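Participant: Hey, dropping run-v5.cif in here, mmCIF, C-alpha atoms, pLDDT in the B column; chains and numbers go by the auth columns:
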data_final
#
loop_
_atom_site.group_PDB
_atom_site.id
_atom_site.type_symbol
_atom_site.label_atom_id
_atom_site.label_comp_id
_atom_site.label_asym_id
_atom_site.label_seq_id
_atom_site.Cartn_x
_atom_site.Cartn_y
_atom_site.Cartn_z
_atom_site.B_iso_or_equiv
_atom_site.auth_seq_id
_atom_site.auth_asym_id
ATOM 1 C CA MET A 1 3.509 3.262 11.171 39.00 30 A
ATOM 2 C CA ALA A 2 6.711 5.190 10.531 40.00 31 A
ATOM 3 C CA LYS A 3 7.917 5.952 7.043 39.00 32 A
ATOM 4 C CA LYS A 4 11.456 5.657 5.806 38.00 33 A
ATOM 5 C CA GLU A 5 13.129 7.280 2.832 37.00 34 A
ATOM 6 C CA ALA A 6 14.073 5.103 -0.096 38.00 35 A
ATOM 7 C CA ARG A 7 17.518 4.632 -1.551 39.00 36 A
ATOM 8 C CA PRO A 8 18.799 6.551 -4.605 36.00 37 A
ATOM 9 C CA ASP A 9 17.028 6.688 -7.956 39.00 38 A
ATOM 10 C CA SER A 10 16.731 3.503 -9.978 50.00 39 A
ATOM 11 C CA GLY A 11 15.413 4.783 -13.305 60.00 40 A
ATOM 12 C CA ILE A 12 12.931 6.957 -15.132 70.00 41 A
ATOM 13 C CA ARG A 13 9.214 6.266 -15.274 71.00 42 A
ATOM 14 C CA LEU A 14 6.227 8.102 -16.663 74.00 43 A
ATOM 15 C CA CYS A 15 3.478 9.056 -14.261 78.00 44 A
ATOM 16 C CA PRO A 16 0.360 7.156 -15.424 75.00 45 A
ATOM 17 C CA ASP A 17 -1.833 10.211 -14.723 76.00 46 A
ATOM 18 C CA CYS A 18 0.111 13.277 -15.926 83.00 47 A
ATOM 19 C CA ASP A 19 2.981 11.726 -17.984 72.00 48 A
ATOM 20 C CA LEU A 20 5.668 13.465 -15.942 71.00 49 A
ATOM 21 C CA MET A 21 9.083 11.800 -16.244 74.00 50 A
ATOM 22 C CA ILE A 22 10.212 10.833 -12.751 71.00 51 A
ATOM 23 C CA ASN A 23 13.286 9.206 -11.286 71.00 52 A
ATOM 24 C CA THR A 24 11.743 6.394 -9.258 65.00 53 A
ATOM 25 C CA PRO A 25 13.395 5.304 -5.996 62.00 54 A
ATOM 26 C CA VAL A 26 14.595 1.867 -5.020 57.00 55 A
ATOM 27 C CA PHE A 27 13.015 0.756 -1.763 56.00 56 A
ATOM 28 C CA ASN A 28 15.111 -1.147 0.742 55.00 57 A
ATOM 29 C CA HIS A 29 12.130 -3.424 1.570 52.00 58 A
ATOM 30 C CA ASP A 30 12.627 -3.009 5.300 52.00 59 A
ATOM 31 C CA PRO A 31 9.665 -4.879 6.891 49.00 60 A
ATOM 32 C CA ALA A 32 9.554 -2.360 9.751 47.00 61 A
ATOM 33 C CA TYR A 33 8.707 0.658 7.586 54.00 62 A
ATOM 34 C CA ARG A 34 6.100 1.651 5.062 60.00 63 A
ATOM 35 C CA GLN A 35 7.610 3.349 2.017 63.00 64 A
ATOM 36 C CA GLN A 36 5.824 5.261 -0.716 69.00 65 A
ATOM 37 C CA ALA A 37 6.736 7.192 -3.844 71.00 66 A
ATOM 38 C CA ALA A 38 4.301 9.682 -5.387 74.00 67 A
ATOM 39 C CA CYS A 39 4.332 11.957 -8.414 79.00 68 A
ATOM 40 C CA PRO A 40 5.451 15.461 -7.336 80.00 69 A
ATOM 41 C CA ARG A 41 3.105 17.098 -9.845 75.00 70 A
ATOM 42 C CA CYS A 42 -0.241 15.319 -9.416 84.00 71 A
ATOM 43 C CA GLY A 43 0.325 13.150 -6.345 72.00 72 A
ATOM 44 C CA CYS A 44 -0.349 9.855 -8.142 76.00 73 A
ATOM 45 C CA MET A 45 0.985 6.896 -6.159 70.00 74 A
ATOM 46 C CA LEU A 46 3.838 5.310 -8.120 66.00 75 A
ATOM 47 C CA GLU A 47 5.226 2.804 -5.657 67.00 76 A
ATOM 48 C CA SER A 48 4.141 1.536 -2.261 63.00 77 A
ATOM 49 C CA HIS A 49 5.986 -0.868 -0.012 59.00 78 A
ATOM 50 C CA ARG A 50 3.883 -2.259 2.831 60.00 79 A
ATOM 51 C CA PRO A 51 5.471 -3.743 5.937 53.00 80 A
ATOM 52 C CA ALA A 52 5.583 -7.538 5.623 61.00 81 A
ATOM 53 C CA GLY A 53 3.506 -7.295 2.429 72.00 82 A
ATOM 54 C CA ILE A 54 5.349 -10.044 0.586 82.00 83 A
ATOM 55 C CA GLN A 55 5.214 -12.278 3.673 84.00 84 A
ATOM 56 C CA SER A 56 1.436 -11.813 3.778 87.00 85 A
ATOM 57 C CA CYS A 57 1.193 -12.858 0.127 89.00 86 A
ATOM 58 C CA LEU A 58 3.320 -15.921 0.904 91.00 87 A
ATOM 59 C CA ALA A 59 0.914 -16.913 3.688 93.00 88 A
ATOM 60 C CA LEU A 60 -2.044 -16.494 1.322 94.00 89 A
ATOM 61 C CA VAL A 61 -0.353 -18.602 -1.360 95.00 90 A
ATOM 62 C CA VAL A 62 0.287 -21.435 1.101 95.00 91 A
ATOM 63 C CA THR A 63 -3.309 -21.179 2.358 95.00 92 A
ATOM 64 C CA GLY A 64 -4.625 -21.314 -1.212 94.00 93 A
ATOM 65 C CA LEU A 65 -2.578 -24.418 -1.994 95.00 94 A
ATOM 66 C CA ILE A 66 -3.874 -26.115 1.153 95.00 95 A
ATOM 67 C CA LEU A 67 -7.481 -25.273 0.236 94.00 96 A
ATOM 68 C CA PHE A 68 -6.999 -26.436 -3.349 92.00 97 A
ATOM 69 C CA ILE A 69 -7.053 -30.135 -2.423 91.00 98 A
ATOM 70 C CA PRO A 70 -10.372 -30.210 -0.492 92.00 99 A
ATOM 71 C CA ALA A 71 -11.914 -27.746 -2.969 90.00 100 A
ATOM 72 C CA ASN A 72 -11.450 -30.319 -5.743 86.00 101 A
ATOM 73 C CA TYR A 73 -11.937 -33.479 -3.659 87.00 102 A
ATOM 74 C CA TYR A 74 -15.039 -32.734 -1.579 89.00 103 A
ATOM 75 C CA PRO A 75 -18.517 -32.222 -3.099 88.00 104 A
ATOM 76 C CA VAL A 76 -19.430 -28.724 -4.187 84.00 105 A
ATOM 77 C CA LEU A 77 -23.173 -29.427 -4.198 81.00 106 A
ATOM 78 C CA SER A 78 -25.391 -32.240 -2.932 79.00 107 A
ATOM 79 C CA MET A 79 -28.851 -32.698 -4.465 78.00 108 A
ATOM 80 C CA ASN A 80 -31.689 -34.886 -3.266 75.00 109 A
ATOM 81 C CA ILE A 81 -34.441 -35.506 -5.823 73.00 110 A
ATOM 82 C CA LEU A 82 -37.215 -37.855 -4.643 72.00 111 A
ATOM 83 C CA GLY A 83 -34.814 -39.704 -2.376 70.00 112 A
ATOM 84 C CA ASN A 84 -32.093 -39.969 -5.015 75.00 113 A
ATOM 85 C CA GLU A 85 -29.031 -38.120 -3.738 74.00 114 A
ATOM 86 C CA GLN A 86 -26.301 -36.935 -6.079 78.00 115 A
ATOM 87 C CA GLN A 87 -23.058 -35.165 -5.273 79.00 116 A
ATOM 88 C CA SER A 88 -21.065 -32.971 -7.607 81.00 117 A
ATOM 89 C CA THR A 89 -17.365 -32.127 -7.464 82.00 118 A
ATOM 90 C CA ILE A 90 -15.368 -29.800 -9.692 84.00 119 A
ATOM 91 C CA SER A 91 -13.336 -32.603 -11.223 85.00 120 A
ATOM 92 C CA GLY A 92 -16.481 -34.736 -11.524 85.00 121 A
ATOM 93 C CA GLY A 93 -18.140 -31.921 -13.453 83.00 122 A
ATOM 94 C CA VAL A 94 -15.258 -31.888 -15.930 86.00 123 A
ATOM 95 C CA VAL A 95 -15.618 -35.650 -16.456 88.00 124 A
ATOM 96 C CA ALA A 96 -19.396 -35.358 -16.868 85.00 125 A
ATOM 97 C CA LEU A 97 -19.019 -32.631 -19.495 84.00 126 A
ATOM 98 C CA TYR A 98 -16.502 -34.715 -21.411 87.00 127 A
ATOM 99 C CA GLN A 99 -18.701 -37.818 -21.307 88.00 128 A
ATOM 100 C CA GLY A 100 -21.636 -35.724 -22.493 87.00 129 A
ATOM 101 C CA ASP A 101 -19.793 -34.801 -25.705 84.00 130 A
ATOM 102 C CA TYR A 102 -18.947 -31.306 -24.431 86.00 131 A
ATOM 103 C CA GLY A 103 -15.206 -31.773 -24.730 87.00 132 A
ATOM 104 C CA ALA A 104 -14.393 -28.123 -25.469 90.00 133 A
ATOM 105 C CA ILE A 105 -16.351 -26.892 -22.443 86.00 134 A
ATOM 106 C CA ALA A 106 -14.797 -29.608 -20.276 87.00 135 A
ATOM 107 C CA LEU A 107 -11.325 -28.477 -21.349 91.00 136 A
ATOM 108 C CA LEU A 108 -12.191 -24.840 -20.632 86.00 137 A
ATOM 109 C CA VAL A 109 -13.455 -25.668 -17.126 84.00 138 A
ATOM 110 C CA LEU A 110 -10.425 -27.879 -16.482 87.00 139 A
ATOM 111 C CA LEU A 111 -8.044 -25.082 -17.442 87.00 140 A
ATOM 112 C CA SER A 112 -9.813 -22.090 -15.877 84.00 141 A
ATOM 113 C CA ALA A 113 -11.037 -23.689 -12.635 84.00 142 A
ATOM 114 C CA ILE A 114 -8.344 -26.280 -11.858 88.00 143 A
ATOM 115 C CA LEU A 115 -5.069 -26.278 -13.784 90.00 144 A
ATOM 116 C CA ILE A 116 -4.383 -22.561 -14.269 89.00 145 A
ATOM 117 C CA PRO A 117 -5.281 -21.525 -10.674 90.00 146 A
ATOM 118 C CA LEU A 118 -3.027 -24.307 -9.356 92.00 147 A
ATOM 119 C CA LEU A 119 -0.233 -23.307 -11.739 93.00 148 A
ATOM 120 C CA ARG A 120 -0.514 -19.650 -10.729 92.00 149 A
ATOM 121 C CA PHE A 121 -0.272 -20.498 -7.026 94.00 150 A
ATOM 122 C CA LEU A 122 2.781 -22.706 -7.619 95.00 151 A
ATOM 123 C CA ILE A 123 4.458 -20.083 -9.805 94.00 152 A
ATOM 124 C CA LEU A 124 3.800 -17.329 -7.270 94.00 153 A
ATOM 125 C CA LEU A 125 5.162 -19.517 -4.474 94.00 154 A
ATOM 126 C CA LYS A 126 8.419 -19.951 -6.403 94.00 155 A
ATOM 127 C CA ILE A 127 8.601 -16.216 -7.187 92.00 156 A
ATOM 128 C CA ILE A 128 8.056 -15.095 -3.594 91.00 157 A
ATOM 129 C CA LEU A 129 10.539 -17.607 -2.203 91.00 158 A
ATOM 130 C CA SER A 130 13.117 -16.428 -4.747 89.00 159 A
ATOM 131 C CA ALA A 131 12.476 -12.797 -3.823 86.00 160 A
ATOM 132 C CA ILE A 132 12.907 -13.548 -0.116 86.00 161 A
ATOM 133 C CA THR A 133 15.903 -15.890 -0.346 86.00 162 A
ATOM 134 C CA SER A 134 17.582 -14.307 -3.421 82.00 163 A
ATOM 135 C CA ARG A 135 17.894 -17.748 -5.025 85.00 164 A
ATOM 136 C CA GLY A 136 16.755 -18.708 -8.509 84.00 165 A
ATOM 137 C CA ARG A 137 15.933 -15.119 -9.401 84.00 166 A
ATOM 138 C CA ARG A 138 16.668 -15.506 -13.099 86.00 167 A
ATOM 139 C CA VAL A 139 14.076 -18.262 -13.481 89.00 168 A
ATOM 140 C CA SER A 140 11.623 -16.370 -11.287 88.00 169 A
ATOM 141 C CA ARG A 141 11.796 -13.300 -13.522 88.00 170 A
ATOM 142 C CA SER A 142 10.600 -15.430 -16.442 89.00 171 A
ATOM 143 C CA LEU A 143 7.947 -17.014 -14.227 91.00 172 A
ATOM 144 C CA LEU A 144 6.716 -13.576 -13.164 89.00 173 A
ATOM 145 C CA ARG A 145 6.077 -12.696 -16.811 89.00 174 A
ATOM 146 C CA LEU A 146 4.189 -15.974 -17.232 90.00 175 A
ATOM 147 C CA TYR A 147 2.221 -15.312 -14.035 89.00 176 A
ATOM 148 C CA THR A 148 1.107 -11.933 -15.403 86.00 177 A
ATOM 149 C CA ARG A 149 -0.050 -13.497 -18.676 86.00 178 A
ATOM 150 C CA LEU A 150 -2.019 -16.196 -16.864 86.00 179 A
ATOM 151 C CA GLN A 151 -4.029 -13.707 -14.791 79.00 180 A
ATOM 152 C CA GLU A 152 -6.787 -13.346 -17.384 76.00 181 A
ATOM 153 C CA TRP A 153 -7.196 -17.137 -17.632 76.00 182 A
ATOM 154 C CA GLY A 154 -7.913 -17.763 -13.963 71.00 183 A
ATOM 155 C CA MET A 155 -11.699 -17.721 -13.580 74.00 184 A
ATOM 156 C CA THR A 156 -12.354 -19.158 -10.138 78.00 185 A
ATOM 157 C CA GLU A 157 -14.755 -16.339 -9.267 76.00 186 A
ATOM 158 C CA ILE A 158 -16.842 -17.063 -12.384 78.00 187 A
ATOM 159 C CA TYR A 159 -17.048 -20.752 -11.503 76.00 188 A
ATOM 160 C CA PHE A 160 -18.028 -19.833 -7.925 79.00 189 A
ATOM 161 C CA LEU A 161 -20.797 -17.518 -9.124 79.00 190 A
ATOM 162 C CA GLY A 162 -21.990 -20.253 -11.486 76.00 191 A
ATOM 163 C CA ALA A 163 -22.237 -22.667 -8.564 76.00 192 A
ATOM 164 C CA LEU A 164 -24.300 -20.147 -6.581 77.00 193 A
ATOM 165 C CA VAL A 165 -26.626 -19.638 -9.551 79.00 194 A
ATOM 166 C CA ALA A 166 -27.043 -23.415 -9.792 74.00 195 A
ATOM 167 C CA VAL A 167 -28.009 -23.559 -6.107 74.00 196 A
ATOM 168 C CA ILE A 168 -30.691 -20.907 -6.633 78.00 197 A
ATOM 169 C CA LYS A 169 -32.048 -22.482 -9.830 75.00 198 A
ATOM 170 C CA LEU A 170 -32.180 -26.021 -8.438 74.00 199 A
ATOM 171 C CA ALA A 171 -33.662 -25.047 -5.077 72.00 200 A
ATOM 172 C CA ASP A 172 -37.214 -25.229 -6.481 74.00 201 A
ATOM 173 C CA MET A 173 -36.735 -28.705 -7.979 76.00 202 A
ATOM 174 C CA ALA A 174 -34.635 -30.488 -5.370 72.00 203 A
ATOM 175 C CA THR A 175 -33.162 -30.260 -1.914 78.00 204 A
ATOM 176 C CA VAL A 176 -29.784 -28.647 -2.475 76.00 205 A
ATOM 177 C CA GLN A 177 -27.018 -28.468 0.092 81.00 206 A
ATOM 178 C CA ILE A 178 -23.767 -26.583 -0.282 83.00 207 A
ATOM 179 C CA GLY A 179 -20.871 -28.974 0.143 84.00 208 A
ATOM 180 C CA THR A 180 -17.519 -28.586 1.860 89.00 209 A
ATOM 181 C CA GLY A 181 -15.849 -28.258 -1.521 88.00 210 A
ATOM 182 C CA LEU A 182 -17.677 -25.018 -2.300 87.00 211 A
ATOM 183 C CA TYR A 183 -16.637 -23.461 1.026 91.00 212 A
ATOM 184 C CA CYS A 184 -13.026 -24.419 0.337 92.00 213 A
ATOM 185 C CA PHE A 185 -13.339 -23.104 -3.208 90.00 214 A
ATOM 186 C CA ALA A 186 -14.681 -19.810 -1.831 90.00 215 A
ATOM 187 C CA GLY A 187 -11.659 -19.590 0.469 92.00 216 A
ATOM 188 C CA LEU A 188 -9.395 -20.318 -2.491 91.00 217 A
ATOM 189 C CA MET A 189 -11.068 -17.561 -4.480 90.00 218 A
ATOM 190 C CA LEU A 190 -10.697 -15.080 -1.604 91.00 219 A
ATOM 191 C CA CYS A 191 -6.996 -15.896 -1.360 92.00 220 A
ATOM 192 C CA GLU A 192 -6.628 -15.102 -5.065 90.00 221 A
ATOM 193 C CA LEU A 193 -8.514 -11.813 -4.734 88.00 222 A
ATOM 194 C CA ILE A 194 -6.548 -10.633 -1.685 90.00 223 A
ATOM 195 C CA ILE A 195 -3.273 -11.555 -3.375 90.00 224 A
ATOM 196 C CA ALA A 196 -4.304 -9.565 -6.465 86.00 225 A
ATOM 197 C CA LEU A 197 -5.053 -6.532 -4.281 83.00 226 A
ATOM 198 C CA ASN A 198 -1.877 -6.702 -2.195 82.00 227 A
ATOM 199 C CA LEU A 199 0.778 -8.082 -4.523 83.00 228 A
ATOM 200 C CA ASN A 200 3.171 -5.332 -5.593 76.00 229 A
ATOM 201 C CA GLU A 201 4.720 -6.574 -8.815 79.00 230 A
ATOM 202 C CA HIS A 202 7.050 -3.559 -9.043 75.00 231 A
ATOM 203 C CA GLU A 203 8.438 -4.437 -5.623 76.00 232 A
ATOM 204 C CA ILE A 204 8.962 -8.064 -6.617 82.00 233 A
ATOM 205 C CA TRP A 205 10.617 -7.008 -9.881 81.00 234 A
ATOM 206 C CA ALA A 206 13.002 -4.839 -7.844 75.00 235 A
ATOM 207 C CA MET A 207 13.810 -7.728 -5.495 77.00 236 A
ATOM 208 C CA LEU A 208 14.407 -10.040 -8.457 81.00 237 A
ATOM 209 C CA GLY A 209 16.143 -7.434 -10.564 74.00 238 A
ATOM 210 C CA GLU A 210 19.782 -8.085 -9.763 54.00 239 A
ATOM 211 C CA ASP A 211 21.541 -10.978 -11.440 48.00 240 A
ATOM 212 C CA GLU A 212 22.879 -13.751 -9.297 47.00 241 A
#
Rewrite the coordinates I just gave you, this time as structure tokens.
Facilitator:
Amino acid sequence: MAKKEARPDSGIRLCPDCDLMINTPVFNHDPAYRQQAACPRCGCMLESHRPAGIQSCLALVVTGLILFIPANYYPVLSMNILGNEQQSTISGGVVALYQGDYGAIALLVLLSAILIPLLRFLILLKIILSAITSRGRRVSRSLLRLYTRLQEWGMTEIYFLGALVAVIKLADMATVQIGTGLYCFAGLMLCELIIALNLNEHEIWAMLGEDE
């Protein structure tokens, strides 16, 4: 893939590795070229623009929102104990915790496994659409700050690992089957992880940086 030079300097940044003060470039976000900016002293990568990177994140956000509905609607686990079959969903688990006088834990699961992941996907969808269309950028800048703060509250991977541990623990006592909901939840979690690896917040800040 060809590389293309960036436009003139946009400001001064400190290299995170050697603390050199550097005039960082403004990328033109051309989807046909890969653009990079590195520290001239130590070679640390400061900025990286991947071709169609933001479009890939948009596709992952839409996929995650589509998977969110079946992940919460379909059973995560199905257990058969002496002919008595029970199915468990994520939302059903929240209700069961609340009815069992575990209100604080139910609220934590509701926030970390359902509400905050959904909110983060919706916020990121608005941010990416604003960056692409140059509309509503002022609101999206505030939403991007909120999105960054919510990152530590999204715990879909922890819930997924907990479900796998439950499958292993219950396998000796009952016939356990993984439900469609868990597969969809795994896809949702993968979308979040790939977005976290590929989303360039500096690039989005640059695209949202100019006032309307």
Participant: Each residue of segment 159-240 of chain A lying at most 12 Å from segment 117-122 of chain A should get a row with its shortest atom-to-atom pair and the distance in Å to one decimal, counting only C-alpha atoms; could you produce that, ordered by chain and increasing number, as CSV?
Facilitator:
residue,atom,partner,partner_atom,distance
A:Thr185,CA,A:Ile119,CA,11.1
A:Tyr188,CA,A:Ile119,CA,9.4
A:Phe189,CA,A:Ile119,CA,10.5
A:Gly191,CA,A:Ile119,CA,11.8
A:Ala192,CA,A:Ile119,CA,10.0
A:Ala195,CA,A:Ser117,CA,11.5
A:Val196,CA,A:Ser117,CA,11.8
A:Val205,CA,A:Ser117,CA,11.0
A:Gln206,CA,A:Ser117,CA,10.7
A:Ile207,CA,A:Ser117,CA,10.1
A:Gly208,CA,A:Ser117,CA,8.7
A:Thr209,CA,A:Thr118,CA,10.0
A:Gly210,CA,A:Thr118,CA,7.3
A:Leu211,CA,A:Thr118,CA,8.8
A:Cys213,CA,A:Ile119,CA,11.6
A:Phe214,CA,A:Ile119,CA,9.5
Participant: Rounded to one decimal in Å, what is the spacing between atom CA of Ile157 of chain A and atom CA of Gly82 of chain A?
Facilitator: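 Spanning atom CA of Ile157 of chain A to atom CA of Gly82 of chain A is a straight-line distance of 10.9 Å.
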Participant: Considering all atoms listed in the file, state which residue in the set A:Ser171, A:Ser159, A:Glu114, A:Asn101 is at the smallest distance from Leu144 of chain A.
Facilitator: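 Residue with the minimum atom-to-atom distance to Leu144 of chain A: A:Asn101.
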Participant: Quick one: which residues end up in the PyMOL selection byres ((chain A and resi 180) around 12) for this structure, as a list in words?
Facilitator: Ser141, Ile145, Pro146, Leu147, Leu148, Arg149, Phe150, Ile152, Leu153, Leu173, Arg174, Leu175, Tyr176, Thr177, Arg178, Leu179, Glu181, Trp182, Gly183, Met184, Thr185, Glu221, Leu222, Ile224 and Ala225 of chain A
Participant: Output the residue selection produced by the PyMOL selection byres ((chain A and resi 161) around 10) on the file above, formatted as a list in words.
Facilitator: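 Answer for the PyMOL selection byres ((chain A and resi 161) around 10): Ile83, Gln84, Leu87, Ile156, Ile157, Leu158, Ser159, Ala160, Thr162, Ser163, Arg164, Arg166, Ile233, Met236 and Leu237 of chain A.
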Participant: Quick one: apply the PyMOL selection byres ((chain A and resi 90) around 9) to the file and drop the selected residues here as a PyMOL selection string.
Facilitator: chain A and resi 85-89+91-95+150-151+153-154+220-221+224
